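**Student:** This is the structure, below, for whatever I ask next.
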Amino acid sequence: MSIFRGEIDEGEAEEVDEHDIESHPDLMDPDWQRHAEKEAWTGLRRQHRRARWRRRVVIGAAVVVVAAAAGVYVWQRGTRPEEIAGPASAPATTAPAPTDLPASAKVDLTRPFDNTPARNWAEGIAGLTVPAPAKVGSFSAKQVGDAQEQVKHAIAVAHFDRNTIEGHRPDAYIGLFAPDARAELQANPTAYVVYLADGTRLLPVPPRMTGTMTVRPGEAGELVLHVTYVVAYAFDPGNRGVEGPADLEPFVRVEADYIVRGGNAWEPGSRGLWLGDFRGFYTSVSCDDQKAGRLGPAFHDPTFTGPSLTPQPGQFDPAKPVPEKGNCLP
């Protein structure tokens, strides 16, 4: 199922309006004084929160041991990527996007990505650029095309499928892999798929994505599909005041090798899709949720503060290396 077709209930958000005390027409009114007191406290919170730049964390390099596999992938029955992500719509604007998340900026909850690097990214799996199928090594153009669709489907399930991200059920993702590859994925599924944090929900706005896929031959009977991409999510802040998009929009950066193995060199149980090198990096997340293997927005941390960290080029640009260091502290 798609998370883009209205299944997620819309939350209502309240914005904290700022007022100029000196221009208020009735400084002595008791109701206004109570209001001004509240605004002063909001301003104090803002100063503390601006000391935080954003939450980032690295999962580091997770290398899945690749065992023997044979046979070229044949589509399993189930939901295809376009059915998971829904029809992609063009971004609302083509103006140049920011290269980083601003420390403070207006957030329109109906267009939450406007002041972020994801402003012009496509919705869902449509944001992953895939080359035209062509013969690679011993794999025909058709076999390469099938493998590309298989990997697109796996990424769509990992990041956009409601049963996976909201229901915390990794079966649809793990079931796409060769039988001999599944046990290792099952042991730690949240290293590879997204689980939204309990008590949170996304805004009724599709996540945005940008990235590329390249294809190369591996060892005998192997096809390596390298993907590098970033996915941006927008969480519903409810009645919380937010200072900018970094408060409610985590970015998930992934670089991975998906490997399809075929040919008589591989045992039947090892034929199909495997996961090779896998690295991830998270920006503007709840550190408490991340430690629990969940994806949550920065505002979901009880303290809602954190240390600053110099922006790193690869966190929003899949053409650059994945950052090595994050700032989610123990």
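Identifiers in the structure tokens: chain A, B, ... in order shown; residue index from 1 per chain; ligand index from 1 in order shown.
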Please provide as a PyMOL selection string all residues within 9 Å of A:Pro245, with the sequence filter that same-chain residues fewer than 3 positions apart are discarded (counting only C-alpha atoms).
**Tutor:** chain A and resi 101-107+112-116+234+242+248-250
**Student:** Can you spit out the residues from that selection as a PDB file, in the first residue's frame, using N, CA and C atoms?
**Tutor:**
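Here's the written file part_24.pdb:
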```pdb
ATOM      1  N   LEU A 101      19.898  22.537   5.407  1.00  0.00           N
ATOM      2  CA  LEU A 101      18.695  22.878   6.154  1.00  0.00           C
ATOM      3  C   LEU A 101      18.928  24.176   6.913  1.00  0.00           C
ATOM      4  N   PRO A 102      18.042  25.155   6.768  1.00  0.00           N
ATOM      5  CA  PRO A 102      18.238  26.412   7.489  1.00  0.00           C
ATOM      6  C   PRO A 102      18.012  26.239   8.980  1.00  0.00           C
ATOM      7  N   ALA A 103      18.743  27.037   9.779  1.00  0.00           N
ATOM      8  CA  ALA A 103      18.574  26.978  11.231  1.00  0.00           C
ATOM      9  C   ALA A 103      17.184  27.440  11.634  1.00  0.00           C
ATOM     10  N   SER A 104      16.654  28.400  10.886  1.00  0.00           N
ATOM     11  CA  SER A 104      15.328  28.916  11.190  1.00  0.00           C
ATOM     12  C   SER A 104      14.687  29.368   9.888  1.00  0.00           C
ATOM     13  N   ALA A 105      13.459  28.930   9.642  1.00  0.00           N
ATOM     14  CA  ALA A 105      12.758  29.310   8.416  1.00  0.00           C
ATOM     15  C   ALA A 105      11.283  28.974   8.569  1.00  0.00           C
ATOM     16  N   LYS A 106      10.450  29.693   7.852  1.00  0.00           N
ATOM     17  CA  LYS A 106       9.021  29.426   7.872  1.00  0.00           C
ATOM     18  C   LYS A 106       8.741  28.054   7.273  1.00  0.00           C
ATOM     19  N   VAL A 107       7.813  27.317   7.868  1.00  0.00           N
ATOM     20  CA  VAL A 107       7.426  25.999   7.365  1.00  0.00           C
ATOM     21  C   VAL A 107       5.944  26.022   7.022  1.00  0.00           C
ATOM     22  N   PRO A 112       6.055  21.335   2.970  1.00  0.00           N
ATOM     23  CA  PRO A 112       7.111  21.403   3.981  1.00  0.00           C
ATOM     24  C   PRO A 112       8.534  21.371   3.429  1.00  0.00           C
ATOM     25  N   PHE A 113       8.712  20.938   2.184  1.00  0.00           N
ATOM     26  CA  PHE A 113      10.073  20.817   1.641  1.00  0.00           C
ATOM     27  C   PHE A 113      10.565  22.085   0.948  1.00  0.00           C
ATOM     28  N   ASP A 114       9.746  23.135   0.927  1.00  0.00           N
ATOM     29  CA  ASP A 114      10.094  24.321   0.148  1.00  0.00           C
ATOM     30  C   ASP A 114      11.435  24.938   0.544  1.00  0.00           C
ATOM     31  N   ASN A 115      11.750  24.985   1.811  1.00  0.00           N
ATOM     32  CA  ASN A 115      12.989  25.618   2.271  1.00  0.00           C
ATOM     33  C   ASN A 115      14.061  24.593   2.621  1.00  0.00           C
ATOM     34  N   THR A 116      14.096  23.506   1.856  1.00  0.00           N
ATOM     35  CA  THR A 116      15.047  22.429   2.124  1.00  0.00           C
ATOM     36  C   THR A 116      15.730  22.001   0.821  1.00  0.00           C
ATOM     37  N   ALA A 234       8.581  14.211   5.946  1.00  0.00           N
ATOM     38  CA  ALA A 234       8.024  15.361   6.660  1.00  0.00           C
ATOM     39  C   ALA A 234       7.032  14.857   7.704  1.00  0.00           C
ATOM     40  N   VAL A 242       7.495  24.886  15.738  1.00  0.00           N
ATOM     41  CA  VAL A 242       8.745  24.497  15.094  1.00  0.00           C
ATOM     42  C   VAL A 242       9.442  25.739  14.566  1.00  0.00           C
ATOM     43  N   LEU A 248      11.344  19.022  11.840  1.00  0.00           N
ATOM     44  CA  LEU A 248      10.355  17.983  11.536  1.00  0.00           C
ATOM     45  C   LEU A 248      10.667  17.151  10.304  1.00  0.00           C
ATOM     46  N   GLU A 249      11.813  17.392   9.645  1.00  0.00           N
ATOM     47  CA  GLU A 249      12.101  16.693   8.398  1.00  0.00           C
ATOM     48  C   GLU A 249      13.450  15.984   8.432  1.00  0.00           C
ATOM     49  N   PRO A 250      13.469  14.706   8.785  1.00  0.00           N
ATOM     50  CA  PRO A 250      14.711  13.937   8.705  1.00  0.00           C
ATOM     51  C   PRO A 250      15.036  13.550   7.265  1.00  0.00           C
TER      52      PRO A 250
END
```
**Student:** Please report as a tab-separated table every residue of stretch 106-170 of chain A lying within 9 Å of stretch 181-196 of chain A, along with the nearest atom pair and their distance in Å (one decimal), using only C-alpha atoms.
**Tutor:**
```
residue	atom	partner	partner_atom	distance
A:Ile155	CA	A:Val193	CA	8.4
A:Val157	CA	A:Val193	CA	8.0
A:Ala158	CA	A:Val193	CA	4.4
A:His159	CA	A:Val194	CA	5.7
A:Phe160	CA	A:Val194	CA	8.4
A:Thr164	CA	A:Tyr195	CA	6.7
A:Ile165	CA	A:Tyr195	CA	4.3
A:Glu166	CA	A:Leu196	CA	5.7
A:Gly167	CA	A:Tyr195	CA	7.8
A:His168	CA	A:Tyr195	CA	5.6
A:Arg169	CA	A:Tyr195	CA	8.5
A:Pro170	CA	A:Pro189	CA	6.6
```
**Student:** So that I have them on file, write out the residues from the current selection with C-alpha atoms, as a compact mmCIF listing (two decimals), in the first residue's frame.
**Tutor:**
```
# COMPACT_ATOMS: atom_id res chain seq x y z
CA ILE A 155 14.10 0.43 -2.22
CA VAL A 157 9.41 -1.17 -0.01
CA ALA A 158 12.19 -0.17 2.39
CA HIS A 159 11.32 3.54 2.37
CA PHE A 160 7.72 4.05 1.27
CA THR A 164 7.07 -1.64 6.38
CA ILE A 165 7.54 1.87 7.71
CA GLU A 166 4.39 2.16 9.84
CA GLY A 167 3.61 -1.49 10.56
CA HIS A 168 7.26 -2.36 11.26
CA ARG A 169 6.98 -5.49 9.14
CA PRO A 170 10.09 -6.19 7.03
```
**Student:** Out of stretch 112-202 of chain A, which residues get helix (DSSP H, G or I) from DSSP, as a PDB file with N, CA and C atoms, in the first residue's frame?
**Tutor:**
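What ended up in out21.pdb:
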```
ATOM      1  N   GLY A 124       8.692  10.002  -3.999  1.00  0.00           N
ATOM      2  CA  GLY A 124       8.841   8.558  -3.957  1.00  0.00           C
ATOM      3  C   GLY A 124       9.944   8.033  -4.857  1.00  0.00           C
ATOM      4  N   ILE A 125       9.765   6.792  -5.303  1.00  0.00           N
ATOM      5  CA  ILE A 125      10.804   6.093  -6.062  1.00  0.00           C
ATOM      6  C   ILE A 125      11.059   6.747  -7.407  1.00  0.00           C
ATOM      7  N   ALA A 126      10.194   7.643  -7.859  1.00  0.00           N
ATOM      8  CA  ALA A 126      10.425   8.358  -9.116  1.00  0.00           C
ATOM      9  C   ALA A 126      11.680   9.224  -9.037  1.00  0.00           C
ATOM     10  N   GLY A 127      12.155   9.507  -7.824  1.00  0.00           N
ATOM     11  CA  GLY A 127      13.350  10.312  -7.670  1.00  0.00           C
ATOM     12  C   GLY A 127      14.643   9.559  -7.925  1.00  0.00           C
ATOM     13  N   ALA A 141      20.277  -7.437 -21.931  1.00  0.00           N
ATOM     14  CA  ALA A 141      19.605  -6.175 -21.621  1.00  0.00           C
ATOM     15  C   ALA A 141      18.308  -6.436 -20.858  1.00  0.00           C
ATOM     16  N   LYS A 142      17.578  -7.489 -21.233  1.00  0.00           N
ATOM     17  CA  LYS A 142      16.339  -7.802 -20.525  1.00  0.00           C
ATOM     18  C   LYS A 142      16.612  -8.203 -19.078  1.00  0.00           C
ATOM     19  N   GLN A 143      17.637  -9.017 -18.882  1.00  0.00           N
ATOM     20  CA  GLN A 143      17.981  -9.431 -17.521  1.00  0.00           C
ATOM     21  C   GLN A 143      18.416  -8.225 -16.672  1.00  0.00           C
ATOM     22  N   VAL A 144      19.143  -7.318 -17.270  1.00  0.00           N
ATOM     23  CA  VAL A 144      19.541  -6.102 -16.552  1.00  0.00           C
ATOM     24  C   VAL A 144      18.315  -5.277 -16.203  1.00  0.00           C
ATOM     25  N   GLY A 145      17.398  -5.133 -17.160  1.00  0.00           N
ATOM     26  CA  GLY A 145      16.166  -4.386 -16.881  1.00  0.00           C
ATOM     27  C   GLY A 145      15.366  -5.007 -15.754  1.00  0.00           C
ATOM     28  N   ASP A 146      15.266  -6.346 -15.742  1.00  0.00           N
ATOM     29  CA  ASP A 146      14.553  -7.027 -14.659  1.00  0.00           C
ATOM     30  C   ASP A 146      15.230  -6.767 -13.313  1.00  0.00           C
ATOM     31  N   ALA A 147      16.554  -6.809 -13.302  1.00  0.00           N
ATOM     32  CA  ALA A 147      17.295  -6.570 -12.065  1.00  0.00           C
ATOM     33  C   ALA A 147      17.106  -5.141 -11.578  1.00  0.00           C
ATOM     34  N   GLN A 148      17.092  -4.183 -12.486  1.00  0.00           N
ATOM     35  CA  GLN A 148      16.880  -2.791 -12.108  1.00  0.00           C
ATOM     36  C   GLN A 148      15.502  -2.601 -11.471  1.00  0.00           C
ATOM     37  N   GLU A 149      14.491  -3.215 -12.068  1.00  0.00           N
ATOM     38  CA  GLU A 149      13.146  -3.114 -11.501  1.00  0.00           C
ATOM     39  C   GLU A 149      13.077  -3.770 -10.132  1.00  0.00           C
ATOM     40  N   GLN A 150      13.782  -4.868  -9.971  1.00  0.00           N
ATOM     41  CA  GLN A 150      13.808  -5.567  -8.690  1.00  0.00           C
ATOM     42  C   GLN A 150      14.401  -4.686  -7.597  1.00  0.00           C
ATOM     43  N   VAL A 151      15.504  -4.019  -7.912  1.00  0.00           N
ATOM     44  CA  VAL A 151      16.158  -3.164  -6.916  1.00  0.00           C
ATOM     45  C   VAL A 151      15.300  -1.933  -6.623  1.00  0.00           C
ATOM     46  N   LYS A 152      14.700  -1.343  -7.633  1.00  0.00           N
ATOM     47  CA  LYS A 152      13.780  -0.222  -7.406  1.00  0.00           C
ATOM     48  C   LYS A 152      12.656  -0.636  -6.459  1.00  0.00           C
ATOM     49  N   HIS A 153      12.133  -1.821  -6.703  1.00  0.00           N
ATOM     50  CA  HIS A 153      11.043  -2.323  -5.859  1.00  0.00           C
ATOM     51  C   HIS A 153      11.510  -2.496  -4.408  1.00  0.00           C
ATOM     52  N   ALA A 154      12.709  -3.043  -4.221  1.00  0.00           N
ATOM     53  CA  ALA A 154      13.239  -3.235  -2.866  1.00  0.00           C
ATOM     54  C   ALA A 154      13.400  -1.903  -2.146  1.00  0.00           C
ATOM     55  N   ILE A 155      13.912  -0.887  -2.840  1.00  0.00           N
ATOM     56  CA  ILE A 155      14.103   0.426  -2.221  1.00  0.00           C
ATOM     57  C   ILE A 155      12.757   1.059  -1.895  1.00  0.00           C
ATOM     58  N   ALA A 156      11.793   0.903  -2.801  1.00  0.00           N
ATOM     59  CA  ALA A 156      10.465   1.457  -2.546  1.00  0.00           C
ATOM     60  C   ALA A 156       9.823   0.820  -1.320  1.00  0.00           C
ATOM     61  N   VAL A 157       9.958  -0.487  -1.179  1.00  0.00           N
ATOM     62  CA  VAL A 157       9.408  -1.174  -0.007  1.00  0.00           C
ATOM     63  C   VAL A 157      10.107  -0.701   1.267  1.00  0.00           C
ATOM     64  N   ALA A 158      11.419  -0.545   1.205  1.00  0.00           N
ATOM     65  CA  ALA A 158      12.194  -0.166   2.386  1.00  0.00           C
ATOM     66  C   ALA A 158      11.857   1.224   2.892  1.00  0.00           C
ATOM     67  N   HIS A 159      11.485   2.136   1.984  1.00  0.00           N
ATOM     68  CA  HIS A 159      11.323   3.538   2.370  1.00  0.00           C
ATOM     69  C   HIS A 159       9.904   4.085   2.290  1.00  0.00           C
ATOM     70  N   PHE A 160       9.022   3.440   1.511  1.00  0.00           N
ATOM     71  CA  PHE A 160       7.722   4.053   1.265  1.00  0.00           C
ATOM     72  C   PHE A 160       6.526   3.154   1.564  1.00  0.00           C
ATOM     73  N   ARG A 162       3.734   1.291   3.438  1.00  0.00           N
ATOM     74  CA  ARG A 162       3.086   1.539   4.730  1.00  0.00           C
ATOM     75  C   ARG A 162       3.277   0.376   5.699  1.00  0.00           C
ATOM     76  N   ASN A 163       3.150  -0.858   5.215  1.00  0.00           N
ATOM     77  CA  ASN A 163       3.312  -2.006   6.102  1.00  0.00           C
ATOM     78  C   ASN A 163       4.716  -2.086   6.676  1.00  0.00           C
ATOM     79  N   THR A 164       5.688  -1.617   5.906  1.00  0.00           N
ATOM     80  CA  THR A 164       7.068  -1.639   6.379  1.00  0.00           C
ATOM     81  C   THR A 164       7.323  -0.503   7.349  1.00  0.00           C
ATOM     82  N   ILE A 165       7.094   0.728   6.914  1.00  0.00           N
ATOM     83  CA  ILE A 165       7.541   1.873   7.709  1.00  0.00           C
ATOM     84  C   ILE A 165       6.620   2.167   8.890  1.00  0.00           C
ATOM     85  N   ASP A 171       8.868  -8.129   6.166  1.00  0.00           N
ATOM     86  CA  ASP A 171       8.751  -9.342   5.351  1.00  0.00           C
ATOM     87  C   ASP A 171       8.745  -9.046   3.853  1.00  0.00           C
ATOM     88  N   ALA A 172       8.060  -7.982   3.443  1.00  0.00           N
ATOM     89  CA  ALA A 172       7.976  -7.681   2.012  1.00  0.00           C
ATOM     90  C   ALA A 172       9.353  -7.359   1.441  1.00  0.00           C
ATOM     91  N   TYR A 173      10.198  -6.734   2.238  1.00  0.00           N
ATOM     92  CA  TYR A 173      11.557  -6.411   1.790  1.00  0.00           C
ATOM     93  C   TYR A 173      12.426  -7.663   1.784  1.00  0.00           C
ATOM     94  N   ILE A 174      12.439  -8.367   2.892  1.00  0.00           N
ATOM     95  CA  ILE A 174      13.303  -9.539   3.006  1.00  0.00           C
ATOM     96  C   ILE A 174      12.913 -10.618   2.001  1.00  0.00           C
ATOM     97  N   PRO A 179      16.778 -16.945  -0.888  1.00  0.00           N
ATOM     98  CA  PRO A 179      16.508 -17.618   0.389  1.00  0.00           C
ATOM     99  C   PRO A 179      17.712 -17.653   1.326  1.00  0.00           C
ATOM    100  N   ASP A 180      18.901 -17.883   0.784  1.00  0.00           N
ATOM    101  CA  ASP A 180      20.080 -17.964   1.640  1.00  0.00           C
ATOM    102  C   ASP A 180      20.525 -16.607   2.181  1.00  0.00           C
ATOM    103  N   ALA A 181      19.987 -15.517   1.641  1.00  0.00           N
ATOM    104  CA  ALA A 181      20.374 -14.175   2.083  1.00  0.00           C
ATOM    105  C   ALA A 181      19.471 -13.635   3.188  1.00  0.00           C
ATOM    106  N   ARG A 182      18.363 -14.279   3.465  1.00  0.00           N
ATOM    107  CA  ARG A 182      17.331 -13.678   4.301  1.00  0.00           C
ATOM    108  C   ARG A 182      17.633 -13.691   5.788  1.00  0.00           C
ATOM    109  N   ALA A 183      18.323 -14.705   6.265  1.00  0.00           N
ATOM    110  CA  ALA A 183      18.552 -14.812   7.709  1.00  0.00           C
ATOM    111  C   ALA A 183      19.320 -13.614   8.245  1.00  0.00           C
ATOM    112  N   GLU A 184      20.330 -13.174   7.526  1.00  0.00           N
ATOM    113  CA  GLU A 184      21.127 -12.044   8.003  1.00  0.00           C
ATOM    114  C   GLU A 184      20.324 -10.750   7.991  1.00  0.00           C
ATOM    115  N   LEU A 185      19.480 -10.563   6.993  1.00  0.00           N
ATOM    116  CA  LEU A 185      18.631  -9.380   6.946  1.00  0.00           C
ATOM    117  C   LEU A 185      17.600  -9.407   8.078  1.00  0.00           C
ATOM    118  N   GLN A 186      17.062 -10.565   8.336  1.00  0.00           N
ATOM    119  CA  GLN A 186      16.056 -10.708   9.387  1.00  0.00           C
ATOM    120  C   GLN A 186      16.635 -10.401  10.758  1.00  0.00           C
ATOM    121  N   ALA A 187      17.919 -10.650  10.943  1.00  0.00           N
ATOM    122  CA  ALA A 187      18.543 -10.425  12.250  1.00  0.00           C
ATOM    123  C   ALA A 187      18.600  -8.953  12.622  1.00  0.00           C
ATOM    124  N   PRO A 189      16.751  -5.942  10.672  1.00  0.00           N
ATOM    125  CA  PRO A 189      16.092  -5.303   9.527  1.00  0.00           C
ATOM    126  C   PRO A 189      16.165  -3.787   9.532  1.00  0.00           C
ATOM    127  N   THR A 190      16.203  -3.155  10.704  1.00  0.00           N
ATOM    128  CA  THR A 190      16.183  -1.690  10.734  1.00  0.00           C
ATOM    129  C   THR A 190      17.497  -1.076  10.274  1.00  0.00           C
ATOM    130  N   ALA A 191      18.503  -1.902  10.006  1.00  0.00           N
ATOM    131  CA  ALA A 191      19.714  -1.366   9.385  1.00  0.00           C
ATOM    132  C   ALA A 191      19.479  -1.075   7.910  1.00  0.00           C
TER     133      ALA A 191
END
```
**Student:** Which neighbours of stretch 317-321 of chain A fall inside 8 Å, counting only C-alpha atoms, when residues of the same chain fewer than 6 positions from it are skipped, and could you give them as a PyMOL selection string?
**Tutor:** chain A and resi 210-212+228-230+253
**Student:** Only N, CA and C atoms, please: the residues just picked out, written as a CSV table (one decimal), in the first residue's frame.
**Tutor:**
```
chain,number,residue,atom,x,y,z
A,210,THR,N,16.0,11.8,-4.2
A,210,THR,CA,16.9,12.0,-5.3
A,210,THR,C,18.0,11.0,-5.2
A,211,GLY,N,18.5,10.5,-6.4
A,211,GLY,CA,19.5,9.5,-6.4
A,211,GLY,C,19.7,8.9,-7.7
A,212,THR,N,20.7,8.0,-7.8
A,212,THR,CA,21.0,7.4,-9.1
A,212,THR,C,21.3,5.9,-8.9
A,228,THR,N,22.9,5.2,-4.9
A,228,THR,CA,23.2,6.2,-4.0
A,228,THR,C,22.1,7.3,-4.0
A,229,TYR,N,21.5,7.5,-2.8
A,229,TYR,CA,20.3,8.3,-2.8
A,229,TYR,C,20.0,8.9,-1.5
A,230,VAL,N,19.1,9.9,-1.4
A,230,VAL,CA,18.6,10.6,-0.2
A,230,VAL,C,17.1,10.6,-0.2
A,253,ARG,N,20.2,9.2,4.1
A,253,ARG,CA,21.2,9.1,3.0
A,253,ARG,C,21.6,7.6,3.0
```
